[in-house]
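A.B. asks: Provided below: model_27.tsv, containing TSV, C-alpha atoms.
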```
chain	number	residue	atom	x	y	z
K	1	MET	CA	0.00	0.00	0.00
K	2	ALA	CA	2.95	2.30	0.66
K	3	LEU	CA	4.00	1.93	-2.98
K	4	LEU	CA	0.54	2.95	-4.15
K	5	TRP	CA	0.61	6.08	-1.99
K	6	GLN	CA	4.12	6.90	-3.21
K	7	LEU	CA	3.05	6.63	-6.83
K	8	ALA	CA	-0.11	8.69	-6.22
K	9	LEU	CA	1.91	11.45	-4.52
K	10	ARG	CA	4.43	11.44	-7.36
K	11	TYR	CA	1.74	11.68	-10.03
K	12	SER	CA	-0.12	14.40	-8.11
K	13	PHE	CA	2.72	16.70	-7.06
K	14	GLY	CA	5.72	15.58	-9.07
K	15	VAL	CA	7.53	18.27	-11.07
K	16	ARG	CA	8.24	16.11	-14.11
K	17	ARG	CA	5.00	16.88	-15.92
K	18	GLN	CA	4.29	18.37	-19.32
K	19	GLY	CA	3.44	22.08	-19.33
K	20	PHE	CA	-0.08	21.73	-20.70
K	21	ALA	CA	-0.92	18.85	-18.36
K	22	ARG	CA	0.34	20.90	-15.44
K	23	LEU	CA	-1.82	23.86	-16.51
K	24	VAL	CA	-4.93	21.70	-16.73
K	25	SER	CA	-4.15	20.27	-13.30
K	26	VAL	CA	-3.77	23.73	-11.78
K	27	ILE	CA	-7.04	24.89	-13.38
K	28	SER	CA	-8.83	21.82	-12.03
K	29	VAL	CA	-7.57	22.41	-8.48
K	30	ALA	CA	-8.31	26.14	-8.70
K	31	GLY	CA	-11.85	25.49	-9.93
K	32	MET	CA	-12.58	23.12	-7.05
K	33	THR	CA	-11.03	25.58	-4.58
K	34	LEU	CA	-13.09	28.53	-5.84
K	35	GLY	CA	-16.25	26.44	-5.81
K	36	VAL	CA	-15.76	25.46	-2.16
K	37	ILE	CA	-14.90	29.06	-1.19
K	38	ALA	CA	-18.01	30.38	-2.92
K	39	LEU	CA	-20.23	27.79	-1.25
K	40	VAL	CA	-18.93	28.42	2.27
K	41	VAL	CA	-19.05	32.22	1.97
K	42	VAL	CA	-22.42	32.52	0.23
K	43	MET	CA	-24.14	30.05	2.54
K	44	SER	CA	-22.74	31.98	5.52
K	45	VAL	CA	-24.14	35.21	4.07
K	46	MET	CA	-27.53	33.56	3.56
K	47	ASN	CA	-27.41	32.38	7.18
K	48	GLY	CA	-26.56	35.92	8.23
K	49	PHE	CA	-29.52	37.38	6.36
K	50	SER	CA	-31.81	34.74	7.84
K	51	ARG	CA	-30.60	35.50	11.37
K	52	GLU	CA	-30.98	39.26	10.87
K	53	ILE	CA	-34.52	38.90	9.57
K	54	THR	CA	-35.40	36.50	12.37
K	55	GLU	CA	-34.07	38.81	15.05
K	56	ARG	CA	-35.71	41.89	13.56
K	57	ILE	CA	-39.13	40.48	12.78
K	58	LEU	CA	-39.49	38.14	15.73
K	59	SER	CA	-38.43	40.86	18.16
K	60	VAL	CA	-41.49	42.77	16.95
K	61	VAL	CA	-43.87	39.87	16.41
K	62	PRO	CA	-44.77	37.95	19.59
K	63	HIS	CA	-44.10	34.22	19.70
K	64	LEU	CA	-47.83	33.49	19.91
K	65	PHE	CA	-51.19	35.15	19.49
K	66	VAL	CA	-53.76	33.60	21.84
K	67	GLU	CA	-57.34	34.47	20.89
K	68	GLN	CA	-60.28	34.45	23.29
K	69	THR	CA	-63.16	32.65	21.57
K	70	ILE	CA	-65.77	32.95	24.34
K	71	ASP	CA	-67.05	35.99	26.25
K	72	ASP	CA	-66.24	34.72	29.75
K	73	THR	CA	-62.62	35.78	30.43
K	74	SER	CA	-62.56	35.30	34.20
K	75	GLY	CA	-59.36	33.56	35.23
K	76	THR	CA	-58.23	33.17	31.63
K	77	GLU	CA	-55.20	35.44	31.75
K	78	GLN	CA	-54.02	33.93	35.03
K	79	ALA	CA	-54.29	30.41	33.58
K	80	LEU	CA	-52.33	31.54	30.54
K	81	ARG	CA	-49.56	33.05	32.66
K	82	GLN	CA	-49.27	29.82	34.66
K	83	GLN	CA	-48.88	27.71	31.50
K	84	GLU	CA	-45.44	26.05	31.39
K	85	GLY	CA	-43.13	27.84	28.95
K	86	VAL	CA	-44.96	31.19	29.04
K	87	VAL	CA	-42.67	34.10	29.98
K	88	ALA	CA	-44.82	37.19	29.33
K	89	VAL	CA	-48.40	37.99	28.39
K	90	SER	CA	-49.90	41.22	27.04
K	91	PRO	CA	-53.54	41.82	25.97
K	92	TYR	CA	-54.32	43.17	22.51
K	93	LEU	CA	-57.17	44.23	20.27
K	94	ARG	CA	-56.71	44.56	16.52
K	95	THR	CA	-58.67	45.57	13.46
K	96	GLN	CA	-58.24	46.89	9.94
K	97	ALA	CA	-59.02	50.52	9.14
K	98	LEU	CA	-58.46	53.31	6.66
K	99	LEU	CA	-56.44	56.31	7.77
K	100	GLY	CA	-56.79	59.56	5.91
K	101	SER	CA	-55.09	62.93	5.95
K	102	GLY	CA	-56.39	65.47	3.46
K	103	SER	CA	-56.63	63.68	0.14
K	104	LEU	CA	-54.24	60.92	1.19
K	105	ILE	CA	-55.63	57.55	2.30
K	106	SER	CA	-53.83	54.40	3.41
K	107	GLY	CA	-54.85	51.06	4.89
K	108	ALA	CA	-53.59	50.29	8.37
K	109	ARG	CA	-53.49	47.52	10.96
K	110	ILE	CA	-54.77	49.07	14.18
K	111	MET	CA	-53.44	47.43	17.34
K	112	GLY	CA	-54.75	48.31	20.77
K	113	VAL	CA	-52.02	47.40	23.28
K	114	ASP	CA	-51.33	47.53	26.98
K	115	THR	CA	-48.46	50.00	27.31
K	116	ARG	CA	-47.32	48.47	30.63
K	117	THR	CA	-46.72	44.96	29.25
K	118	LEU	CA	-46.14	45.47	25.50
K	119	ALA	CA	-42.33	45.55	25.73
K	120	THR	CA	-42.27	42.23	27.61
K	121	VAL	CA	-43.62	40.35	24.58
K	122	SER	CA	-42.15	42.57	21.81
K	123	PRO	CA	-38.90	44.20	23.02
K	124	TRP	CA	-38.46	46.40	19.94
K	125	LEU	CA	-41.88	47.97	20.53
K	126	GLU	CA	-40.76	49.54	23.80
K	127	ILE	CA	-40.50	52.86	21.97
K	128	VAL	CA	-44.18	52.57	20.99
K	129	ALA	CA	-45.23	51.88	24.58
K	130	ARG	CA	-43.17	54.83	25.80
K	131	GLN	CA	-44.67	57.23	23.23
K	132	LEU	CA	-48.21	56.16	24.16
K	133	GLU	CA	-47.49	56.57	27.88
K	134	GLN	CA	-46.05	60.03	27.37
K	135	ALA	CA	-49.24	61.05	25.53
K	136	ALA	CA	-51.62	59.47	28.02
K	137	ASP	CA	-53.41	62.80	28.52
K	138	ILE	CA	-54.40	62.85	24.83
K	139	ARG	CA	-57.74	61.07	24.56
K	140	PHE	CA	-57.40	59.49	21.11
K	141	GLY	CA	-53.67	59.23	20.45
K	142	VAL	CA	-52.08	56.94	17.88
K	143	VAL	CA	-48.50	55.97	17.04
K	144	LEU	CA	-47.80	55.31	13.35
K	145	SER	CA	-45.02	53.49	11.56
K	146	ASN	CA	-42.73	55.84	9.65
K	147	SER	CA	-43.90	54.35	6.32
K	148	LEU	CA	-47.54	54.95	7.22
K	149	ALA	CA	-46.80	58.47	8.43
K	150	ALA	CA	-44.90	59.22	5.22
K	151	SER	CA	-47.72	57.90	3.01
K	152	LEU	CA	-50.16	60.17	4.88
K	153	ALA	CA	-47.70	63.09	5.06
K	154	VAL	CA	-48.25	63.56	8.80
K	155	MET	CA	-46.02	64.22	11.78
K	156	PRO	CA	-46.52	63.99	15.55
K	157	GLY	CA	-49.13	66.57	16.48
K	158	ASP	CA	-51.14	66.19	13.24
K	159	ASP	CA	-54.58	64.64	13.04
K	160	VAL	CA	-55.65	61.65	10.93
K	161	LYS	CA	-59.16	60.44	10.19
K	162	MET	CA	-59.77	56.77	10.92
K	163	THR	CA	-62.54	54.92	9.07
K	164	LEU	CA	-63.48	51.61	10.66
K	165	PRO	CA	-65.11	48.58	8.98
K	166	ASP	CA	-68.32	49.32	10.91
K	167	VAL	CA	-71.35	51.41	10.06
K	168	VAL	CA	-73.44	53.89	12.00
K	169	VAL	CA	-77.19	53.85	11.37
K	170	SER	CA	-78.88	57.24	11.68
K	171	PRO	CA	-82.10	58.86	10.48
K	172	PHE	CA	-80.10	60.27	7.60
K	173	GLY	CA	-78.87	56.89	6.40
K	174	VAL	CA	-76.02	54.41	6.97
K	175	PHE	CA	-72.54	55.87	7.29
K	176	PRO	CA	-69.13	54.37	7.97
K	177	LYS	CA	-67.83	54.85	11.48
K	178	THR	CA	-65.08	57.47	11.60
K	179	LYS	CA	-62.96	59.08	14.30
K	180	THR	CA	-60.29	61.74	14.34
K	181	LEU	CA	-57.05	60.63	15.98
K	182	ARG	CA	-54.03	62.65	17.07
K	183	VAL	CA	-50.62	61.36	15.95
K	184	VAL	CA	-48.52	61.23	19.12
K	185	GLY	CA	-45.50	59.39	17.79
K	186	VAL	CA	-43.75	57.68	14.87
K	187	PHE	CA	-41.60	54.56	15.06
K	188	ASP	CA	-39.19	52.95	12.60
K	189	LEU	CA	-38.34	49.24	12.83
K	190	SER	CA	-36.97	49.04	9.25
K	191	ILE	CA	-38.98	45.94	8.36
K	192	ASN	CA	-41.83	45.63	5.87
K	193	GLN	CA	-43.98	43.74	8.37
K	194	SER	CA	-44.44	46.94	10.40
K	195	SER	CA	-44.98	49.33	7.50
K	196	ALA	CA	-48.79	49.52	7.92
K	197	ASP	CA	-49.00	49.28	11.72
K	198	ALA	CA	-50.65	51.83	13.98
K	199	PHE	CA	-50.79	51.46	17.77
K	200	MET	CA	-53.06	52.96	20.36
K	201	ASP	CA	-53.77	52.37	24.02
K	202	LEU	CA	-55.89	49.28	24.66
K	203	THR	CA	-58.53	51.23	26.62
K	204	THR	CA	-58.88	53.73	23.77
K	205	ALA	CA	-59.20	50.94	21.21
K	206	GLU	CA	-61.88	49.17	23.26
K	207	ARG	CA	-63.82	52.40	23.55
K	208	LEU	CA	-63.62	53.09	19.80
K	209	LEU	CA	-64.47	49.57	18.69
K	210	ARG	CA	-66.98	48.99	21.49
K	211	ARG	CA	-65.67	45.53	22.26
K	212	ASP	CA	-63.21	43.89	24.62
K	213	ARG	CA	-59.76	42.61	23.86
K	214	ASP	CA	-59.31	39.93	21.19
K	215	GLY	CA	-56.80	37.98	23.23
K	216	TRP	CA	-53.17	38.04	24.38
K	217	GLN	CA	-49.76	38.30	22.85
K	218	VAL	CA	-47.46	35.72	24.42
K	219	ARG	CA	-43.69	35.37	24.64
K	220	GLY	CA	-42.29	31.93	25.41
K	221	GLN	CA	-38.99	30.73	26.84
K	222	ASP	CA	-37.72	29.50	23.49
K	223	LEU	CA	-38.62	30.98	20.11
K	224	TRP	CA	-38.20	27.66	18.32
K	225	GLN	CA	-40.44	25.85	20.81
K	226	ALA	CA	-43.35	28.19	20.06
K	227	PRO	CA	-45.24	25.56	17.97
K	228	THR	CA	-45.07	23.11	20.89
K	229	LEU	CA	-46.23	25.79	23.34
K	230	ALA	CA	-49.12	26.72	21.05
K	231	SER	CA	-50.15	23.06	20.77
K	232	ASN	CA	-50.09	22.67	24.57
K	233	ILE	CA	-52.24	25.77	25.04
K	234	ASN	CA	-54.74	24.57	22.44
K	235	ILE	CA	-55.03	21.23	24.24
K	236	GLU	CA	-54.96	22.29	27.89
K	237	LEU	CA	-56.71	25.67	27.77
K	238	SER	CA	-59.30	25.05	25.07
K	239	PRO	CA	-62.04	24.64	27.72
K	240	LEU	CA	-61.38	28.30	28.61
K	241	GLY	CA	-61.97	29.32	24.99
K	242	LEU	CA	-58.33	29.95	24.09
K	243	HIS	CA	-56.82	29.27	20.67
K	244	ALA	CA	-53.10	29.87	20.08
K	245	THR	CA	-51.36	30.66	16.79
K	246	ASP	CA	-47.56	30.64	16.80
K	247	TRP	CA	-45.18	32.73	14.69
K	248	THR	CA	-44.48	29.87	12.26
K	249	GLU	CA	-48.09	30.24	11.08
K	250	THR	CA	-48.18	34.03	10.97
K	251	GLN	CA	-44.65	34.52	9.57
K	252	GLY	CA	-43.82	30.99	8.40
K	253	SER	CA	-44.08	31.71	4.67
K	254	LEU	CA	-41.35	34.34	4.92
K	255	PHE	CA	-38.87	32.01	6.61
K	256	ALA	CA	-39.83	29.14	4.31
K	257	SER	CA	-38.97	31.34	1.33
K	258	ILE	CA	-35.62	32.25	2.91
K	259	LYS	CA	-34.77	28.56	3.36
K	260	MET	CA	-35.82	27.85	-0.22
K	261	GLU	CA	-33.61	30.66	-1.51
K	262	LYS	CA	-30.68	29.28	0.48
K	263	ARG	CA	-31.22	25.82	-0.99
K	264	MET	CA	-31.48	27.17	-4.54
K	265	VAL	CA	-28.33	29.26	-4.15
K	266	ALA	CA	-26.51	26.24	-2.75
K	267	VAL	CA	-27.64	24.08	-5.67
K	268	LEU	CA	-26.51	26.69	-8.20
K	269	LEU	CA	-23.13	27.07	-6.54
K	270	PHE	CA	-22.69	23.30	-6.34
K	271	LEU	CA	-22.75	23.37	-10.12
K	272	VAL	CA	-19.38	25.14	-9.87
K	273	VAL	CA	-18.07	22.16	-7.90
K	274	VAL	CA	-19.59	19.80	-10.49
K	275	VAL	CA	-17.78	21.66	-13.28
K	276	ALA	CA	-14.57	21.40	-11.26
K	277	ALA	CA	-15.20	17.66	-10.91
K	278	PHE	CA	-15.48	17.37	-14.71
K	279	ASN	CA	-12.16	19.22	-14.96
K	280	LEU	CA	-10.75	16.64	-12.57
K	281	ILE	CA	-11.91	13.89	-14.93
K	282	ALA	CA	-10.11	15.60	-17.81
K	283	THR	CA	-6.96	16.06	-15.73
K	284	LEU	CA	-6.85	12.42	-14.67
K	285	ALA	CA	-7.64	11.22	-18.18
K	286	MET	CA	-4.67	13.23	-19.53
K	287	SER	CA	-2.52	11.90	-16.70
K	288	VAL	CA	-3.45	8.32	-17.61
K	289	GLN	CA	-2.81	8.94	-21.30
K	290	SER	CA	0.61	10.53	-20.67
K	291	ARG	CA	1.66	7.68	-18.39
K	292	ARG	CA	0.68	4.70	-20.50
K	293	LYS	CA	4.29	3.45	-20.53
K	294	ASP	CA	4.60	3.82	-16.75
K	295	ILE	CA	1.34	1.93	-16.28
K	296	ALA	CA	2.51	-0.80	-18.62
K	297	VAL	CA	5.82	-1.16	-16.76
K	298	LEU	CA	4.02	-1.27	-13.42
K	299	GLY	CA	1.72	-3.94	-14.79
K	300	MET	CA	4.71	-5.98	-15.96
K	301	MET	CA	6.25	-5.62	-12.48
K	302	GLY	CA	3.22	-7.29	-10.95
K	303	LEU	CA	0.77	-4.56	-10.01
K	304	SER	CA	-2.78	-5.84	-10.44
K	305	HIS	CA	-5.60	-4.03	-12.18
K	306	THR	CA	-7.08	-3.17	-8.79
K	307	GLN	CA	-3.81	-1.67	-7.56
K	308	LEU	CA	-3.41	0.38	-10.73
K	309	SER	CA	-6.95	1.66	-10.31
K	310	LEU	CA	-6.21	2.59	-6.69
K	311	VAL	CA	-3.10	4.54	-7.73
K	312	PHE	CA	-5.08	6.86	-9.99
K	313	LEU	CA	-8.06	6.97	-7.63
K	314	LEU	CA	-5.71	8.17	-4.89
K	315	HIS	CA	-4.11	10.53	-7.43
K	316	GLY	CA	-7.49	12.20	-8.04
K	317	LEU	CA	-8.46	12.27	-4.37
K	318	LEU	CA	-5.15	13.84	-3.33
K	319	MET	CA	-5.63	16.67	-5.82
K	320	ALA	CA	-9.24	17.10	-4.69
K	321	CYS	CA	-8.30	17.05	-1.00
K	322	VAL	CA	-5.74	19.80	-1.52
K	323	ALA	CA	-8.31	21.91	-3.38
K	324	ILE	CA	-11.04	21.28	-0.83
K	325	ALA	CA	-8.73	21.94	2.13
K	326	ILE	CA	-7.53	25.26	0.70
K	327	GLY	CA	-11.08	26.24	-0.30
K	328	THR	CA	-12.50	25.36	3.12
K	329	LEU	CA	-9.76	27.22	5.00
K	330	VAL	CA	-10.05	30.36	2.87
K	331	GLY	CA	-13.86	30.17	2.85
K	332	VAL	CA	-14.08	29.86	6.65
K	333	VAL	CA	-11.67	32.76	7.18
K	334	LEU	CA	-13.59	34.94	4.71
K	335	ALA	CA	-16.98	33.98	6.17
K	336	ILE	CA	-15.88	34.82	9.72
K	337	ASN	CA	-14.29	38.13	8.77
K	338	LEU	CA	-16.57	39.14	5.88
K	339	PRO	CA	-18.35	42.05	7.68
K	340	ASP	CA	-14.97	43.59	8.59
K	341	ILE	CA	-13.62	43.04	5.08
K	342	VAL	CA	-16.68	44.73	3.55
K	343	ARG	CA	-16.30	47.69	5.93
K	344	LEU	CA	-12.65	48.11	4.89
K	345	VAL	CA	-13.66	48.03	1.21
K	346	GLU	CA	-16.39	50.61	1.88
K	347	LEU	CA	-13.88	52.90	3.64
K	348	ALA	CA	-11.30	52.44	0.90
K	349	PHE	CA	-13.64	53.19	-2.01
K	350	GLY	CA	-16.16	55.47	-0.26
K	351	PHE	CA	-19.43	53.65	-0.93
K	352	LYS	CA	-21.97	51.57	0.98
K	353	VAL	CA	-22.79	48.02	-0.06
K	354	PHE	CA	-26.15	48.31	1.71
K	355	ASP	CA	-27.59	51.79	1.96
K	356	PRO	CA	-29.39	51.94	5.36
K	357	THR	CA	-31.97	54.30	3.86
K	358	VAL	CA	-32.97	51.58	1.40
K	359	TYR	CA	-32.26	48.29	3.17
K	360	PHE	CA	-33.13	47.28	6.73
K	361	ILE	CA	-29.47	46.39	7.38
K	362	SER	CA	-26.37	48.52	7.00
K	363	ASP	CA	-23.67	45.81	7.07
K	364	LEU	CA	-23.26	42.58	5.16
K	365	PRO	CA	-24.22	39.85	7.64
K	366	SER	CA	-22.38	36.55	7.85
K	367	HIS	CA	-23.06	33.61	10.15
K	368	LEU	CA	-20.89	30.53	9.69
K	369	LEU	CA	-22.51	27.19	10.48
K	370	TRP	CA	-20.09	24.30	10.79
K	371	SER	CA	-22.83	21.95	9.64
K	372	ASP	CA	-22.81	23.79	6.29
K	373	VAL	CA	-19.03	23.44	6.08
K	374	PHE	CA	-19.34	19.72	6.79
K	375	TRP	CA	-21.85	19.19	3.99
K	376	VAL	CA	-19.83	21.27	1.53
K	377	VAL	CA	-16.69	19.22	2.22
K	378	THR	CA	-18.57	15.91	2.17
K	379	ILE	CA	-20.33	16.55	-1.13
K	380	ALA	CA	-17.18	17.95	-2.75
K	381	LEU	CA	-15.25	14.82	-1.70
K	382	LEU	CA	-18.05	12.59	-2.98
K	383	LEU	CA	-18.09	14.33	-6.37
K	384	SER	CA	-14.30	14.12	-6.57
K	385	THR	CA	-14.39	10.40	-5.79
K	386	LEU	CA	-16.99	9.79	-8.49
K	387	ALA	CA	-14.95	11.87	-10.94
K	388	SER	CA	-11.83	9.81	-10.24
K	389	ILE	CA	-13.42	6.41	-10.82
K	390	TYR	CA	-13.59	6.47	-14.63
K	391	PRO	CA	-9.95	7.49	-15.27
K	392	ALA	CA	-8.81	4.97	-12.64
K	393	LEU	CA	-10.73	2.16	-14.38
K	394	ARG	CA	-9.37	3.28	-17.73
K	395	ALA	CA	-5.80	3.03	-16.38
K	396	ALA	CA	-6.47	-0.53	-15.23
K	397	ARG	CA	-7.61	-1.54	-18.73
K	398	ILE	CA	-4.32	-0.60	-20.38
K	399	SER	CA	-2.58	-3.70	-21.76
K	400	PRO	CA	1.18	-3.77	-21.00
K	401	ALA	CA	1.90	-6.00	-24.00
K	402	GLU	CA	0.17	-3.64	-26.43
K	403	VAL	CA	1.91	-0.55	-25.07
K	404	LEU	CA	5.39	-2.08	-24.96
K	405	ARG	CA	5.13	-4.01	-28.24
K	406	TYR	CA	7.20	-1.52	-30.24
K	407	GLU	CA	9.39	-0.23	-27.41
```
Take the structure from the file and write it as structure tokens.

C.D. replies:
Amino acid sequence: MALLWQLALRYSFGVRRQGFARLVSVISVAGMTLGVIALVVVMSVMNGFSREITERILSVVPHLFVEQTIDDTSGTEQALRQQEGVVAVSPYLRTQALLGSGSLISGARIMGVDTRTLATVSPWLEIVARQLEQAADIRFGVVLSNSLAASLAVMPGDDVKMTLPDVVVSPFGVFPKTKTLRVVGVFDLSINQSSADAFMDLTTAERLLRRDRDGWQVRGQDLWQAPTLASNINIELSPLGLHATDWTETQGSLFASIKMEKRMVAVLLFLVVVVAAFNLIATLAMSVQSRRKDIAVLGMMGLSHTQLSLVFLLHGLLMACVAIAIGTLVGVVLAINLPDIVRLVELAFGFKVFDPTVYFISDLPSHLLWSDVFWVVTIALLLSTLASIYPALRAARISPAEVLRYE
């Protein structure tokens, strides 16, 4: 076996090779290296985007919405707070409405919230709770998202007209229910999910809509255990008229699309590794062709077809391992330091990769997962092994007598 390794090392890294064959070998190794680097870095960037979106959106959206389906709410909130896994609870009331200012009209999601407990279930909405508390003396105050305020061209202190999906019956006919609200604050969370949100105090919302709260926003101990917590609530607290919906149902399509994009990008980049594997086939085929005499001599010296196949299989795997090792090392270093590298490039050339006025992030995120690195290395090695099989079998089929007949 030592002889086989010695021959494979000589064929892989020996200096006595023809110029064109050496060039093809270098291109093959470089292609595999670049493919692995691209896979590690791009998948880390996709992980970074996914983490940023998760942290931004799910810091605004509670883990669960628990709706009250019956009128009797006595003891319901206390039972919900005592449920295992529940960390914080905050009542809410929500509806759809039209907000108007002058000739401008925009649809809005109206949320009536408890300013004392809102931040416990949605930490990023603490600014909303604080603005509503500071304007507690204003009877009908509302806090708008910056996108909603911009579409209505209003600022804090302006009035907006709210039209609810209810009607008022009077002797003069049926009219939609309207109310003038005072804008007491504007918030910016830089995510599309909050672009049409408007918040008001829960008591004010109940007075305007003439109904009690719809239910409770709930924050659990573990974000990723929210589906289990929702299932437990639906089973154990259903006699109290509670029905829980977790974030994977309300925001699940967004995160499913992110995962799908990551898979598609990974598949497309794996094509680079596949192309590099085809280059490896060409390199090994040329190596076999240029060493027909060596193979014939080795066959005459007693090496079996299996041993000859192993020599060139090891030859291909050694080249692939070098490429994959270099690509993995460079890819991991780039993935870990990518945000800093991008900042240096931005400082050097005076531009922003992500304009914070356009995108909800200002830096290129990167989050390296070692599981991704493992799969990249495993699949690259598998493709390299498959690519090395045909040239290795071809080397074993060479007949020593035919090659050496005229030598």

A.B. asks: Using all atoms listed in the file, which residues sit within 10 Å of K:Thr163 once same-chain residues fewer than 2 positions away are excluded, as an NGL selection string?

C.D. replies: :K and (96-100 or 107 or 160-161 or 165-167 or 176-180)

A.B. asks: Any idea what the distance is between atom CA of K:Gln221 and atom CA of K:Glu84?

C.D. replies: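 For atom CA of K:Gln221 relative to atom CA of K:Glu84, the distance reads 9.2 Å.
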
A.B. asks: Write out as an MDAnalysis selection string the residues lying within 10 Å of stretch 257-268 of chain K, counting all atoms listed in the file and excluding same-chain residues fewer than 4 positions away.

C.D. replies: chainID K and resid 38:40 42:47 49:50 53 252:253 272:273 376

A.B. asks: With all atoms listed in the file as the atoms that count, which of K:Leu209, K:Val275, K:Leu314, K:Leu364 lies nearest to K:Leu338?

C.D. replies: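 That would be K:Leu364, the residue with the smallest distance to K:Leu338.
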
A.B. asks: Looking at K:Leu125, K:Val322, K:Leu64, K:Ile27, which one is nearest to K:Asp197, with distances taken over all atoms listed in the file?

C.D. replies: K:Leu125

A.B. asks: Neighbouring residues of K:Pro156 were defined as those with any atom within 6 Å, considering all atoms listed in the file; residues of the same chain fewer than 2 positions away were excluded. Please report them as a ChimeraX atom specification.

C.D. replies: /K:158,183-185

A.B. asks: Which one of K:Ile127, K:Ala276, K:Val113, K:Leu148 sits closest to K:Phe199 if you count all atoms listed in the file?

C.D. replies: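 Checking each candidate against K:Phe199, we get K:Val113 as the closest.
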
A.B. asks: Using only C-alpha atoms, which of K:Val186, K:Met286, K:Leu164, K:Val87 sits nearest K:Arg210?

C.D. replies: K:Leu164

A.B. asks: Hey, can you check how far atom CA of K:Ile37 sits from atom CA of K:Ala392?

C.D. replies: 27.4 Å

A.B. asks: Could you name the residues that touch K:Met319 at 9 Å or less, counting only C-alpha atoms, but leaving out those on the same chain fewer than 4 positions away, as a VMD selection string?

C.D. replies: chain K and resid 12 to 13 25 28 to 29 280 314 to 315 323 to 324

A.B. asks: Out of K:Ala230, K:Leu208, K:Val89, K:Val377, which residue has the shortest atom-to-atom distance to K:Cys321 when counting only C-alpha atoms?

C.D. replies: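 The shortest atom-to-atom distance to K:Cys321 comes from K:Val377.
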
A.B. asks: Would you kindly return, as a PyMOL selection string, each protein, DNA or RNA residue with an atom no farther than 10 Å from any atom of K:Ile233, considering only C-alpha atoms and excluding same-chain residues fewer than 6 positions away?

C.D. replies: chain K and resi 66+79-80+83-84+86+227+242-245

A.B. asks: What does the distance from atom CA of K:Phe312 to atom CA of K:Val24 come to in Å, to one decimal?

C.D. replies: 16.3 Å

A.B. asks: K:Met111, K:Leu104, K:Ala348, K:Leu271: which is nearest K:Gly215, counting all atoms listed in the file?

C.D. replies: K:Met111
